[in-house]
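Structure below is run_14.csv: CSV, C-alpha atoms.
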chain,number,residue,atom,x,y,z
K,1,MET,CA,-41.4,-45.0,-46.5
K,2,THR,CA,-42.2,-42.3,-49.1
K,3,SER,CA,-40.4,-39.0,-49.1
K,4,GLU,CA,-43.6,-37.3,-48.0
K,5,GLN,CA,-44.0,-39.6,-45.0
K,6,ALA,CA,-40.3,-39.1,-44.0
K,7,SER,CA,-40.5,-35.3,-44.1
K,8,THR,CA,-43.5,-35.0,-41.9
K,9,GLU,CA,-42.8,-37.9,-39.6
K,10,HIS,CA,-39.4,-36.5,-38.7
K,11,GLY,CA,-40.4,-32.8,-38.7
K,12,LYS,CA,-40.3,-32.6,-34.9
K,13,HIS,CA,-36.7,-33.8,-34.7
K,14,GLY,CA,-33.5,-31.8,-34.8
K,15,PHE,CA,-31.4,-31.6,-38.0
K,16,GLU,CA,-28.8,-34.1,-36.9
K,17,THR,CA,-31.5,-36.6,-35.9
K,18,ARG,CA,-33.2,-36.2,-39.2
K,19,ALA,CA,-30.0,-36.6,-41.1
K,20,ILE,CA,-29.4,-40.0,-39.5
K,21,HIS,CA,-33.0,-41.4,-39.4
K,22,ALA,CA,-35.3,-39.7,-41.9
K,23,GLY,CA,-36.2,-41.6,-45.0
K,24,TYR,CA,-35.6,-45.1,-43.8
K,25,GLU,CA,-36.6,-47.5,-41.0
K,26,PRO,CA,-34.4,-50.5,-40.1
K,27,ASP,CA,-35.1,-53.4,-42.5
K,28,PRO,CA,-38.1,-55.4,-41.1
K,29,THR,CA,-36.5,-58.7,-42.3
K,30,THR,CA,-32.8,-58.3,-41.2
K,31,GLY,CA,-32.9,-55.3,-39.0
K,32,ALA,CA,-30.2,-53.6,-41.1
K,33,VAL,CA,-29.9,-50.0,-39.9
K,34,ILE,CA,-28.4,-48.7,-43.1
K,35,PRO,CA,-30.5,-48.9,-46.4
K,36,PRO,CA,-29.3,-51.7,-48.7
K,37,ILE,CA,-28.2,-50.9,-52.2
K,38,PHE,CA,-31.0,-52.2,-54.3
K,39,ALA,CA,-29.0,-53.0,-57.4
K,40,THR,CA,-32.0,-54.0,-59.5
K,41,SER,CA,-33.6,-52.7,-62.6
K,42,THR,CA,-37.0,-54.4,-62.2
K,43,TYR,CA,-39.2,-56.0,-59.5
K,44,LYS,CA,-41.4,-59.1,-59.3
K,45,GLN,CA,-45.1,-58.3,-59.4
K,46,ASP,CA,-47.7,-60.3,-57.6
K,47,GLY,CA,-50.0,-60.6,-60.5
K,48,VAL,CA,-50.4,-57.9,-63.2
K,49,GLY,CA,-50.2,-54.5,-61.5
K,50,GLY,CA,-49.5,-56.1,-58.1
K,51,MET,CA,-46.5,-54.1,-57.2
K,52,ARG,CA,-44.8,-54.5,-53.9
K,53,GLY,CA,-44.4,-51.1,-52.3
K,54,GLY,CA,-45.2,-49.4,-55.6
K,55,TYR,CA,-41.9,-50.5,-57.3
K,56,GLU,CA,-42.0,-51.7,-60.9
K,57,TYR,CA,-38.9,-50.4,-62.6
K,58,SER,CA,-35.9,-48.5,-61.1
K,59,ARG,CA,-36.2,-45.5,-63.3
K,60,SER,CA,-39.6,-44.9,-61.8
K,61,GLY,CA,-38.5,-45.8,-58.3
K,62,ASN,CA,-35.8,-47.6,-56.3
K,63,PRO,CA,-35.9,-48.2,-52.5
K,64,THR,CA,-32.3,-46.8,-52.1
K,65,ARG,CA,-33.2,-43.7,-54.0
K,66,THR,CA,-36.5,-43.4,-52.1
K,67,ALA,CA,-34.5,-43.3,-48.8
K,68,LEU,CA,-32.3,-40.5,-50.1
K,69,GLU,CA,-35.3,-38.5,-51.4
K,70,GLY,CA,-37.1,-38.8,-48.1
K,71,ASN,CA,-34.0,-37.8,-46.2
K,72,ILE,CA,-33.1,-34.7,-48.1
K,73,ALA,CA,-36.8,-33.6,-48.1
K,74,ALA,CA,-36.7,-33.8,-44.3
K,75,LEU,CA,-33.5,-31.9,-44.1
K,76,GLU,CA,-34.9,-29.1,-46.2
K,77,GLN,CA,-38.2,-29.2,-44.4
K,78,GLY,CA,-39.9,-30.0,-47.6
K,79,GLU,CA,-42.7,-32.4,-48.5
K,80,ARG,CA,-41.0,-34.3,-51.3
K,81,GLY,CA,-37.5,-34.8,-52.7
K,82,PHE,CA,-36.2,-36.0,-56.0
K,83,ALA,CA,-32.7,-37.4,-56.6
K,84,PHE,CA,-30.9,-37.1,-60.0
K,85,ALA,CA,-27.8,-38.3,-61.7
K,86,SER,CA,-26.2,-34.8,-61.4
K,87,GLY,CA,-27.1,-31.3,-60.4
K,88,LEU,CA,-27.5,-30.3,-64.0
K,89,ALA,CA,-29.9,-33.3,-64.6
K,90,ALA,CA,-32.0,-31.9,-61.7
K,91,GLU,CA,-31.9,-28.4,-63.2
K,92,ASP,CA,-32.8,-29.6,-66.7
K,93,THR,CA,-35.7,-31.6,-65.4
K,94,LEU,CA,-36.9,-28.6,-63.4
K,95,ILE,CA,-36.8,-26.3,-66.4
K,96,ARG,CA,-38.6,-28.7,-68.7
K,97,ALA,CA,-41.3,-29.4,-66.1
K,98,LEU,CA,-42.1,-25.8,-65.3
K,99,THR,CA,-41.4,-23.8,-68.4
K,100,ARG,CA,-42.4,-23.9,-72.1
K,101,PRO,CA,-41.0,-22.3,-75.2
K,102,GLY,CA,-41.9,-18.6,-75.1
K,103,ASP,CA,-41.5,-18.4,-71.3
K,104,HIS,CA,-38.9,-16.4,-69.5
K,105,VAL,CA,-36.6,-16.9,-66.5
K,106,VAL,CA,-34.3,-14.7,-64.4
K,107,ILE,CA,-30.9,-16.1,-63.4
K,108,PRO,CA,-28.1,-14.6,-61.3
K,109,ASP,CA,-25.6,-12.4,-63.1
K,110,ASP,CA,-22.8,-14.4,-61.6
K,111,ALA,CA,-24.5,-17.8,-61.9
K,112,TYR,CA,-22.6,-21.1,-61.8
K,113,GLY,CA,-21.1,-21.7,-65.3
K,114,GLY,CA,-22.9,-24.9,-65.8
K,115,THR,CA,-26.3,-23.4,-65.0
K,116,TYR,CA,-25.6,-20.5,-67.4
K,117,ARG,CA,-24.5,-22.9,-70.1
K,118,LEU,CA,-27.7,-25.0,-69.6
K,119,VAL,CA,-29.9,-21.9,-69.9
K,120,ASP,CA,-28.1,-20.1,-72.6
K,121,LYS,CA,-27.0,-22.9,-74.9
K,122,VAL,CA,-29.7,-25.6,-74.3
K,123,ALA,CA,-32.9,-24.0,-73.0
K,124,GLN,CA,-32.6,-20.7,-75.0
K,125,PRO,CA,-32.5,-22.5,-78.4
K,126,TRP,CA,-35.5,-24.5,-77.3
K,127,GLY,CA,-37.4,-21.2,-76.9
K,128,LEU,CA,-36.8,-20.1,-73.3
K,129,ALA,CA,-35.8,-16.5,-72.8
K,130,TYR,CA,-33.8,-15.2,-69.9
K,131,ASP,CA,-32.3,-12.2,-68.2
K,132,ALA,CA,-29.5,-12.0,-65.7
K,133,ALA,CA,-29.7,-9.9,-62.5
K,134,PRO,CA,-27.7,-9.5,-59.3
K,135,VAL,CA,-29.3,-11.6,-56.6
K,136,SER,CA,-28.2,-9.1,-54.0
K,137,ASP,CA,-30.4,-6.4,-55.6
K,138,VAL,CA,-34.1,-7.1,-55.1
K,139,ASP,CA,-35.1,-4.1,-57.2
K,140,ALA,CA,-32.9,-5.3,-60.1
K,141,VAL,CA,-34.4,-8.7,-59.9
K,142,ARG,CA,-37.9,-7.1,-59.9
K,143,ALA,CA,-36.9,-5.1,-63.0
K,144,ALA,CA,-35.7,-8.2,-64.8
K,145,ILE,CA,-39.0,-10.0,-64.3
K,146,ARG,CA,-41.5,-9.9,-67.2
K,147,PRO,CA,-44.9,-10.2,-65.5
K,148,GLY,CA,-47.0,-13.0,-67.1
K,149,THR,CA,-44.0,-14.4,-68.9
K,150,THR,CA,-41.4,-15.0,-66.2
K,151,LYS,CA,-42.0,-18.4,-64.7
K,152,LEU,CA,-38.9,-18.9,-62.6
K,153,VAL,CA,-36.7,-16.6,-60.6
K,154,TRP,CA,-33.5,-18.6,-60.2
K,155,VAL,CA,-31.2,-17.7,-57.3
K,156,GLU,CA,-28.0,-19.0,-55.9
K,157,THR,CA,-27.2,-17.8,-52.4
K,158,PRO,CA,-24.3,-17.6,-51.8
K,159,THR,CA,-23.5,-17.4,-55.5
K,160,ASN,CA,-20.7,-19.2,-57.2
K,161,PRO,CA,-17.9,-18.0,-57.1
K,162,LEU,CA,-18.4,-14.4,-56.0
K,163,LEU,CA,-20.4,-15.3,-52.9
K,164,ASN,CA,-23.1,-12.7,-53.3
K,165,ILE,CA,-26.1,-13.1,-51.0
K,166,GLY,CA,-29.8,-13.0,-52.0
K,167,ASP,CA,-32.5,-12.2,-49.5
K,168,ILE,CA,-34.6,-15.3,-50.0
K,169,GLU,CA,-37.7,-13.9,-48.2
K,170,ALA,CA,-37.7,-10.7,-50.2
K,171,LEU,CA,-37.0,-12.4,-53.5
K,172,ALA,CA,-39.8,-14.9,-52.9
K,173,ALA,CA,-42.2,-12.0,-52.4
K,174,VAL,CA,-41.1,-10.4,-55.6
K,175,ALA,CA,-41.4,-13.6,-57.6
K,176,HIS,CA,-44.8,-14.5,-56.2
K,177,GLU,CA,-46.1,-11.0,-56.8
K,178,ALA,CA,-45.3,-11.5,-60.5
K,179,GLY,CA,-46.8,-15.0,-60.6
K,180,ALA,CA,-43.4,-16.7,-60.8
K,181,LEU,CA,-41.8,-19.4,-58.7
K,182,LEU,CA,-38.6,-18.8,-56.7
K,183,VAL,CA,-35.9,-21.5,-57.2
K,184,VAL,CA,-32.9,-21.4,-54.8
K,185,ASP,CA,-29.7,-23.3,-55.5
K,186,ASN,CA,-28.7,-24.2,-52.0
K,187,THR,CA,-25.5,-26.1,-52.9
K,188,PHE,CA,-23.0,-23.7,-51.3
K,189,ALA,CA,-24.9,-23.2,-48.1
K,190,SER,CA,-26.1,-26.9,-47.7
K,191,SER,CA,-29.3,-28.0,-46.0
K,192,TYR,CA,-27.6,-27.6,-42.7
K,193,LEU,CA,-26.8,-23.9,-42.9
K,194,GLN,CA,-29.9,-22.8,-44.8
K,195,GLN,CA,-33.4,-24.0,-45.5
K,196,PRO,CA,-34.9,-21.8,-48.3
K,197,LEU,CA,-38.3,-23.4,-48.3
K,198,THR,CA,-38.9,-22.1,-44.8
K,199,LEU,CA,-38.2,-18.6,-46.1
K,200,GLY,CA,-40.7,-18.7,-49.0
K,201,ALA,CA,-38.8,-20.5,-51.8
K,202,ASP,CA,-40.8,-22.9,-54.0
K,203,VAL,CA,-38.0,-25.2,-55.1
K,204,VAL,CA,-34.6,-26.0,-53.7
K,205,VAL,CA,-31.8,-27.3,-56.0
K,206,HIS,CA,-28.7,-29.1,-54.9
K,207,SER,CA,-25.7,-30.5,-56.5
K,208,THR,CA,-25.4,-33.4,-54.1
K,209,THR,CA,-21.9,-34.0,-55.5
K,210,LYS,CA,-20.8,-31.2,-53.2
K,211,TYR,CA,-21.5,-30.9,-49.4
K,212,ALA,CA,-24.4,-33.4,-49.4
K,213,GLY,CA,-22.2,-36.3,-50.5
K,214,GLY,CA,-19.2,-34.6,-49.0
K,215,HIS,CA,-16.4,-37.0,-50.0
K,216,SER,CA,-15.7,-36.3,-53.7
K,217,ASP,CA,-16.7,-39.8,-54.6
K,218,VAL,CA,-20.2,-39.3,-56.2
K,219,VAL,CA,-22.0,-37.1,-58.7
K,220,GLY,CA,-25.6,-36.3,-58.1
K,221,GLY,CA,-28.4,-33.7,-57.8
K,222,ALA,CA,-31.6,-33.1,-56.0
K,223,LEU,CA,-34.8,-31.1,-56.0
K,224,VAL,CA,-37.0,-30.5,-53.0
K,225,VAL,CA,-40.5,-28.9,-52.8
K,226,ARG,CA,-43.3,-28.3,-50.4
K,227,ASP,CA,-46.2,-28.0,-52.8
K,228,LEU,CA,-47.5,-31.5,-53.6
K,229,ASP,CA,-49.1,-30.4,-57.0
K,230,LEU,CA,-45.7,-29.1,-58.0
K,231,ALA,CA,-44.2,-32.4,-56.7
K,232,GLU,CA,-46.5,-34.4,-59.1
K,233,LYS,CA,-45.2,-32.4,-62.1
K,234,LEU,CA,-41.6,-33.0,-61.1
K,235,ALA,CA,-42.2,-36.7,-60.5
K,236,PHE,CA,-43.8,-37.1,-64.0
K,237,PHE,CA,-40.8,-35.3,-65.7
K,238,GLN,CA,-38.2,-37.1,-63.5
K,239,ASN,CA,-39.6,-40.4,-64.7
K,240,SER,CA,-40.2,-39.3,-68.3
K,241,ILE,CA,-36.7,-37.8,-68.8
K,242,GLY,CA,-35.0,-40.5,-66.7
K,243,GLY,CA,-31.9,-38.7,-65.4
K,244,VAL,CA,-32.3,-40.4,-62.0
K,245,ALA,CA,-29.7,-41.2,-59.4
K,246,GLY,CA,-28.6,-44.8,-59.5
K,247,PRO,CA,-28.8,-46.9,-56.3
K,248,PHE,CA,-25.0,-46.8,-55.6
K,249,ASP,CA,-24.8,-43.1,-56.0
K,250,ALA,CA,-28.0,-42.6,-53.9
K,251,TRP,CA,-26.4,-44.7,-51.2
K,252,LEU,CA,-23.2,-42.7,-51.1
K,253,VAL,CA,-25.1,-39.4,-50.9
K,254,LEU,CA,-27.3,-40.8,-48.1
K,255,ARG,CA,-24.2,-41.9,-46.2
K,256,GLY,CA,-22.7,-38.4,-46.6
K,257,LEU,CA,-25.8,-36.6,-45.3
K,258,LYS,CA,-25.5,-38.4,-42.0
K,259,THR,CA,-22.4,-36.4,-41.1
K,260,LEU,CA,-23.4,-33.1,-42.9
K,261,ALA,CA,-23.9,-31.1,-39.7
K,262,LEU,CA,-20.5,-32.1,-38.2
K,263,ARG,CA,-18.7,-31.5,-41.5
K,264,MET,CA,-20.3,-28.1,-42.1
K,265,GLU,CA,-19.3,-26.9,-38.6
K,266,ARG,CA,-15.7,-27.9,-39.3
K,267,HIS,CA,-15.8,-26.4,-42.9
K,268,SER,CA,-17.0,-23.1,-41.4
K,269,ASP,CA,-14.4,-23.2,-38.6
K,270,ASN,CA,-11.6,-23.7,-41.0
K,271,ALA,CA,-12.9,-21.2,-43.5
K,272,GLU,CA,-12.9,-18.5,-40.8
K,273,ARG,CA,-9.3,-19.3,-40.0
K,274,VAL,CA,-8.3,-19.0,-43.7
K,275,VAL,CA,-10.2,-15.7,-44.0
K,276,GLU,CA,-8.4,-14.3,-41.0
K,277,PHE,CA,-5.1,-15.2,-42.6
K,278,LEU,CA,-6.0,-13.9,-46.1
K,279,THR,CA,-7.4,-10.6,-44.9
K,280,SER,CA,-4.1,-9.7,-43.2
K,281,HIS,CA,-1.9,-10.7,-46.2
K,282,PRO,CA,-0.4,-7.8,-48.1
K,283,GLY,CA,-0.6,-9.5,-51.5
K,284,VAL,CA,-4.3,-10.0,-51.3
K,285,GLU,CA,-6.5,-7.3,-52.8
K,286,GLN,CA,-9.9,-8.6,-51.5
K,287,VAL,CA,-11.2,-11.4,-49.5
K,288,ILE,CA,-14.8,-12.4,-50.4
K,289,TYR,CA,-16.7,-14.2,-47.6
K,290,PRO,CA,-20.2,-13.6,-46.2
K,291,GLY,CA,-18.9,-13.9,-42.7
K,292,LEU,CA,-16.9,-10.7,-43.0
K,293,ALA,CA,-18.7,-7.6,-41.6
K,294,GLU,CA,-17.7,-5.6,-44.6
K,295,HIS,CA,-19.3,-8.1,-47.0
K,296,PRO,CA,-22.4,-6.3,-48.5
K,297,GLY,CA,-24.6,-9.3,-47.9
K,298,HIS,CA,-23.3,-10.0,-44.4
K,299,ALA,CA,-26.5,-8.9,-42.5
K,300,VAL,CA,-28.8,-10.9,-44.8
K,301,ALA,CA,-26.5,-14.0,-44.6
K,302,ALA,CA,-26.4,-13.7,-40.8
K,303,ARG,CA,-30.2,-13.7,-40.8
K,304,GLN,CA,-30.9,-16.7,-43.1
K,305,MET,CA,-27.8,-18.9,-42.6
K,306,LYS,CA,-26.7,-20.7,-39.5
K,307,ARG,CA,-23.0,-20.1,-40.3
K,308,PHE,CA,-21.2,-18.8,-43.4
K,309,GLY,CA,-19.9,-22.0,-44.9
K,310,GLY,CA,-16.6,-23.3,-46.3
K,311,ILE,CA,-16.2,-21.4,-49.6
K,312,VAL,CA,-13.7,-18.5,-49.7
K,313,SER,CA,-12.8,-16.4,-52.7
K,314,PHE,CA,-10.0,-13.9,-53.0
K,315,ARG,CA,-8.3,-11.6,-55.5
K,316,LEU,CA,-4.6,-11.0,-55.8
K,317,LYS,CA,-3.1,-7.5,-56.3
K,318,ALA,CA,-0.5,-9.0,-58.7
K,319,GLY,CA,-3.2,-10.1,-61.2
K,320,GLU,CA,-4.2,-13.1,-63.2
K,321,GLN,CA,-0.9,-14.8,-63.6
K,322,ALA,CA,-0.3,-14.6,-59.9
K,323,ALA,CA,-3.7,-16.2,-59.3
K,324,LEU,CA,-2.8,-19.0,-61.7
K,325,ASP,CA,0.5,-19.5,-60.1
K,326,VAL,CA,-0.9,-19.6,-56.6
K,327,CYS,CA,-3.4,-22.3,-57.7
K,328,ALA,CA,-0.4,-24.4,-58.9
K,329,ALA,CA,1.8,-23.8,-55.8
K,330,THR,CA,-0.4,-25.2,-53.0
K,331,GLU,CA,0.3,-28.6,-51.6
K,332,LEU,CA,-2.6,-29.4,-49.4
K,333,PHE,CA,-5.1,-27.5,-51.4
K,334,THR,CA,-5.6,-29.7,-54.4
K,335,LEU,CA,-6.0,-27.9,-57.8
K,336,GLY,CA,-9.3,-29.2,-59.0
K,337,GLU,CA,-12.9,-28.3,-59.9
K,338,SER,CA,-15.9,-29.0,-57.6
K,339,LEU,CA,-16.2,-28.3,-53.9
K,340,GLY,CA,-17.7,-29.4,-50.7
K,341,GLY,CA,-15.5,-32.5,-50.1
K,342,VAL,CA,-13.6,-33.3,-46.9
K,343,GLU,CA,-10.4,-32.3,-48.7
K,344,SER,CA,-9.5,-28.7,-49.5
K,345,LEU,CA,-9.5,-27.6,-53.2
K,346,ILE,CA,-8.3,-24.5,-55.0
K,347,GLU,CA,-9.2,-23.3,-58.5
K,348,HIS,CA,-9.1,-20.4,-60.9
K,349,PRO,CA,-12.8,-19.8,-61.8
K,350,GLY,CA,-12.0,-17.8,-64.9
K,351,ARG,CA,-10.1,-20.6,-66.5
K,352,MET,CA,-11.9,-23.6,-64.9
K,353,THR,CA,-15.5,-23.7,-63.5
K,354,HIS,CA,-16.6,-20.4,-65.2
K,355,ALA,CA,-14.8,-20.7,-68.5
K,356,SER,CA,-18.2,-20.9,-70.2
K,357,VAL,CA,-19.1,-17.3,-69.3
K,358,VAL,CA,-15.8,-15.7,-70.5
K,359,GLY,CA,-16.7,-12.8,-72.8
K,360,THR,CA,-20.2,-12.5,-71.4
K,361,ASP,CA,-21.7,-10.1,-68.8
K,362,LEU,CA,-21.3,-13.0,-66.3
K,363,GLU,CA,-17.5,-13.1,-66.7
K,364,VAL,CA,-15.7,-13.4,-63.4
K,365,PRO,CA,-12.5,-11.4,-62.5
K,366,ALA,CA,-9.3,-12.9,-63.9
K,367,ASP,CA,-7.4,-12.4,-60.7
K,368,LEU,CA,-10.0,-14.4,-58.7
K,369,VAL,CA,-9.1,-17.6,-56.8
K,370,ARG,CA,-11.8,-19.8,-55.2
K,371,LEU,CA,-11.1,-22.1,-52.2
K,372,SER,CA,-13.2,-25.0,-51.0
K,373,VAL,CA,-11.9,-25.2,-47.4
K,374,GLY,CA,-11.9,-28.8,-46.2
K,375,ILE,CA,-11.8,-30.3,-42.8
K,376,GLU,CA,-8.1,-30.8,-42.4
K,377,THR,CA,-6.1,-29.2,-39.5
K,378,ALA,CA,-6.7,-25.5,-39.9
K,379,ASP,CA,-3.0,-24.6,-39.1
K,380,ASP,CA,-1.9,-26.8,-41.9
K,381,LEU,CA,-4.2,-25.1,-44.4
K,382,VAL,CA,-3.1,-21.7,-43.4
K,383,ALA,CA,0.6,-22.7,-43.7
K,384,ASP,CA,0.0,-24.1,-47.1
K,385,LEU,CA,-1.6,-20.8,-48.4
K,386,ASP,CA,1.2,-18.9,-46.7
K,387,GLN,CA,3.9,-20.8,-48.5
K,388,ALA,CA,2.1,-20.7,-51.9
K,389,LEU,CA,1.7,-16.9,-51.7
K,390,ALA,CA,5.3,-16.4,-50.5
K,391,GLN,CA,6.5,-18.6,-53.4
K,392,VAL,CA,4.5,-16.8,-56.0
K,393,LEU,CA,4.7,-13.2,-54.8
K,394,GLY,CA,8.4,-13.7,-54.1
K,395,ARG,CA,8.9,-14.4,-57.8
K,396,ALA,CA,6.7,-11.5,-59.0

Reformat the file's structure so that it appears as structure tokens.
Amino acid sequence: MTSEQASTEHGKHGFETRAIHAGYEPDPTTGAVIPPIFATSTYKQDGVGGMRGGYEYSRSGNPTRTALEGNIAALEQGERGFAFASGLAAEDTLIRALTRPGDHVVIPDDAYGGTYRLVDKVAQPWGLAYDAAPVSDVDAVRAAIRPGTTKLVWVETPTNPLLNIGDIEALAAVAHEAGALLVVDNTFASSYLQQPLTLGADVVVHSTTKYAGGHSDVVGGALVVRDLDLAEKLAFFQNSIGGVAGPFDAWLVLRGLKTLALRMERHSDNAERVVEFLTSHPGVEQVIYPGLAEHPGHAVAARQMKRFGGIVSFRLKAGEQAALDVCAATELFTLGESLGGVESLIEHPGRMTHASVVGTDLEVPADLVRLSVGIETADDLVADLDQALAQVLGRA
């Protein structure tokens, strides 16, 4: 089944049903209900050009990857999905497919460090110009666009790690008015909490390493689109560049997506408990979470997201060293990069995930800590943060 067939065939079903069934039918020979891992590089042809199911070489197509691409397309309510070896491989393919030297893009002014590095250090020397603008300010994004030259308006919502919220519907209108496409990195929200294509976005980007895979055991990326002409461009560049997801990785992400809805509900439940604790702690200067009524993007997030997700950021009154020390003092929250796994992680963005933007306009606060709240027992997570803060602030 192609990704186009999967997205339309399962469109009438609920999210959880699509997560389990879209993209694959039980194997007609064995009845296997889970897609096999097709660990093959090539396929026997029935005569020259006589391909079985359209498969000739696994860079161009692999049945396990096809199942994943159909599944994630259905979850995003798109027409076609593309699976890659990493989120950055997906982003690089997108940029090369849709821009040329001399073109311009707009990116978030608090973009993920890897995205910023790709645009600034790889795409800019190739000839792509860019400007950064706050995704929460539609007028600022409009002002950053160069009509006729801007090809992509790139948005994260929520952003990483400051959890700013972009109004997808409004930003789509601004981009389209200028002849640009709206790209939405949906990694933090996940396909369960937000479907940008239904709000006017043209392309959805995922690091499937995160919530899609959900178990910190795979690296991957994805693109999803609704427009089939756009899909053909991306398919050509995906095959030409070759940064595709291997069958083992595709299988792991596909397995993870089956429980995405359940996990995101628990991530959100636990994050709300953590936020409740942090907002009442005297050593915490600020808690950043879209679910808080005082968050400037709360109303927009409430409108376009099902819930507010599992990422929480906070700043400490005692400054950078205290932030570093808290990251080292937790026991259940593992100090590490990445996010979206079943286990809780803690990190210092300024020294870790966002080190590439230090000294630029995109630099994040030095006293900032980012939490990826997992699905453990909420009381245990709160107790761990409590002891870490007490240990550090007691020494301060």

Checklist entry - Skipping near chain neighbours, those fewer than 5 positions away, what residues fall within 7 Å of Ser344 of chain K using all atoms listed in the file, listed as a list in words? => result Leu332, Phe333, Thr334, Ser372, Val373 and Gly374 of chain K

Export of the given selection (C-alpha atoms) as a short mmCIF file (atom, residue, chain, number, x, y, z; two decimals), in the coordinates of the input:
data_model
loop_
_atom_site.label_atom_id
_atom_site.label_comp_id
_atom_site.auth_asym_id
_atom_site.auth_seq_id
_atom_site.Cartn_x
_atom_site.Cartn_y
_atom_site.Cartn_z
CA LEU K 332 -2.60 -29.40 -49.40
CA PHE K 333 -5.10 -27.50 -51.40
CA THR K 334 -5.60 -29.70 -54.40
CA SER K 372 -13.20 -25.00 -51.00
CA VAL K 373 -11.90 -25.20 -47.40
CA GLY K 374 -11.90 -28.80 -46.20
#

Can you tell me, as a compact mmCIF listing (two decimals) with C-alpha atoms, in the coordinates of the input, which residues sit within 8 Å of (-19.2, -29.6, -44.6) in the file's frame, using all atoms listed in the file?
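File produced: result18.txt:
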# COMPACT_ATOMS: atom_id res chain seq x y z
CA TYR K 211 -21.50 -30.90 -49.40
CA GLY K 214 -19.20 -34.60 -49.00
CA LEU K 260 -23.40 -33.10 -42.90
CA ALA K 261 -23.90 -31.10 -39.70
CA LEU K 262 -20.50 -32.10 -38.20
CA ARG K 263 -18.70 -31.50 -41.50
CA MET K 264 -20.30 -28.10 -42.10
CA GLU K 265 -19.30 -26.90 -38.60
CA ARG K 266 -15.70 -27.90 -39.30
CA HIS K 267 -15.80 -26.40 -42.90
CA SER K 268 -17.00 -23.10 -41.40
CA GLY K 309 -19.90 -22.00 -44.90
CA GLY K 310 -16.60 -23.30 -46.30
CA GLY K 340 -17.70 -29.40 -50.70
CA GLY K 341 -15.50 -32.50 -50.10
CA VAL K 342 -13.60 -33.30 -46.90
CA GLY K 374 -11.90 -28.80 -46.20
CA ILE K 375 -11.80 -30.30 -42.80

Item to check | Nearby residues (all atoms listed in the file) at most 8 Å from Phe314 of chain K, same-chain spacing under 5 positions excluded, as a PyMOL selection string | outcome: chain K and resi 278+284-288+368-370

Residues of segment 143-221 of chain K within 9 Å of segment 52-76 of chain K: nearest atom pair and distance (Å, one decimal) for each, counting all atoms listed in the file, sorted by chain and number, as JSON lines?
{"residue": "K:Ser191", "atom": "CA", "partner": "K:Glu76", "partner_atom": "CA", "distance": 5.7}
{"residue": "K:Tyr192", "atom": "CA", "partner": "K:Leu75", "partner_atom": "CA", "distance": 7.4}
{"residue": "K:Gln194", "atom": "CA", "partner": "K:Glu76", "partner_atom": "CA", "distance": 8.2}
{"residue": "K:Gln195", "atom": "CA", "partner": "K:Glu76", "partner_atom": "CA", "distance": 5.4}
{"residue": "K:Pro196", "atom": "CA", "partner": "K:Glu76", "partner_atom": "CA", "distance": 7.6}
{"residue": "K:Leu197", "atom": "CA", "partner": "K:Glu76", "partner_atom": "CA", "distance": 7.0}
{"residue": "K:Thr198", "atom": "CA", "partner": "K:Glu76", "partner_atom": "CA", "distance": 8.2}
{"residue": "K:Val204", "atom": "CA", "partner": "K:Glu76", "partner_atom": "CA", "distance": 8.1}
{"residue": "K:Ala212", "atom": "CA", "partner": "K:Ile72", "partner_atom": "CA", "distance": 8.9}

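One finds atom CA of Gly114 of chain K at 23.8 Å from atom CA of Thr149 of chain K.
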
Checklist entry - For Gly243 of chain K, which residue among K:Thr209, K:Thr93, K:Thr377, K:Thr279 is the nearest when counting all atoms listed in the file? => result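 Closest residue, counting all atoms listed in the file: K:Thr93.
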
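Relative to atom CA of Ala133 of chain K, atom CA of Val357 of chain K is found at 14.6 Å.
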
Next on the checklist: What's the separation between atom CA of Tyr289 of chain K and atom CA of Val119 of chain K, in Å to one decimal place?
Outcome noted: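 The value is 27.0 Å.
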
Checklist entry - Using only C-alpha atoms, which residue out of K:Asp109, K:Ala123, K:Pro349, K:Ala140 lies closest to Val155 of chain K? => result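 Under the stated criterion, the closest residue is K:Asp109.
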
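The closest residue to Ala328 of chain K, picked from K:Val244, K:Leu118, K:Leu389, K:Leu193 and counting all atoms listed in the file, is K:Leu389.
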
Checklist entry - Which one of K:His21, K:Lys258, K:Lys317, K:His348 sits closest to Pro282 of chain K if you count only C-alpha atoms? => result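 Of the candidates, the smallest distance to Pro282 of chain K is held by K:Lys317.
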
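In this comparison, which uses all atoms listed in the file, the residue of K:Ala250, K:Ala231, K:Ala132, K:Val312 approaching Ala39 of chain K most closely is K:Ala250.
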
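Shortest separation to Pro161 of chain K among K:Ala222, K:Ile346, K:Ala383, K:Val33 occurs at residue K:Ile346, atoms counted being all atoms listed in the file.
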
Checklist entry - Any idea what's packed within 10 Å of Val326 of chain K, counting all atoms listed in the file, ignoring anything in its chain fewer than 5 positions away? Could you give it as an MDAnalysis selection string? => result chainID K and resid 316 320:321 335 346:348 369 385 387:393
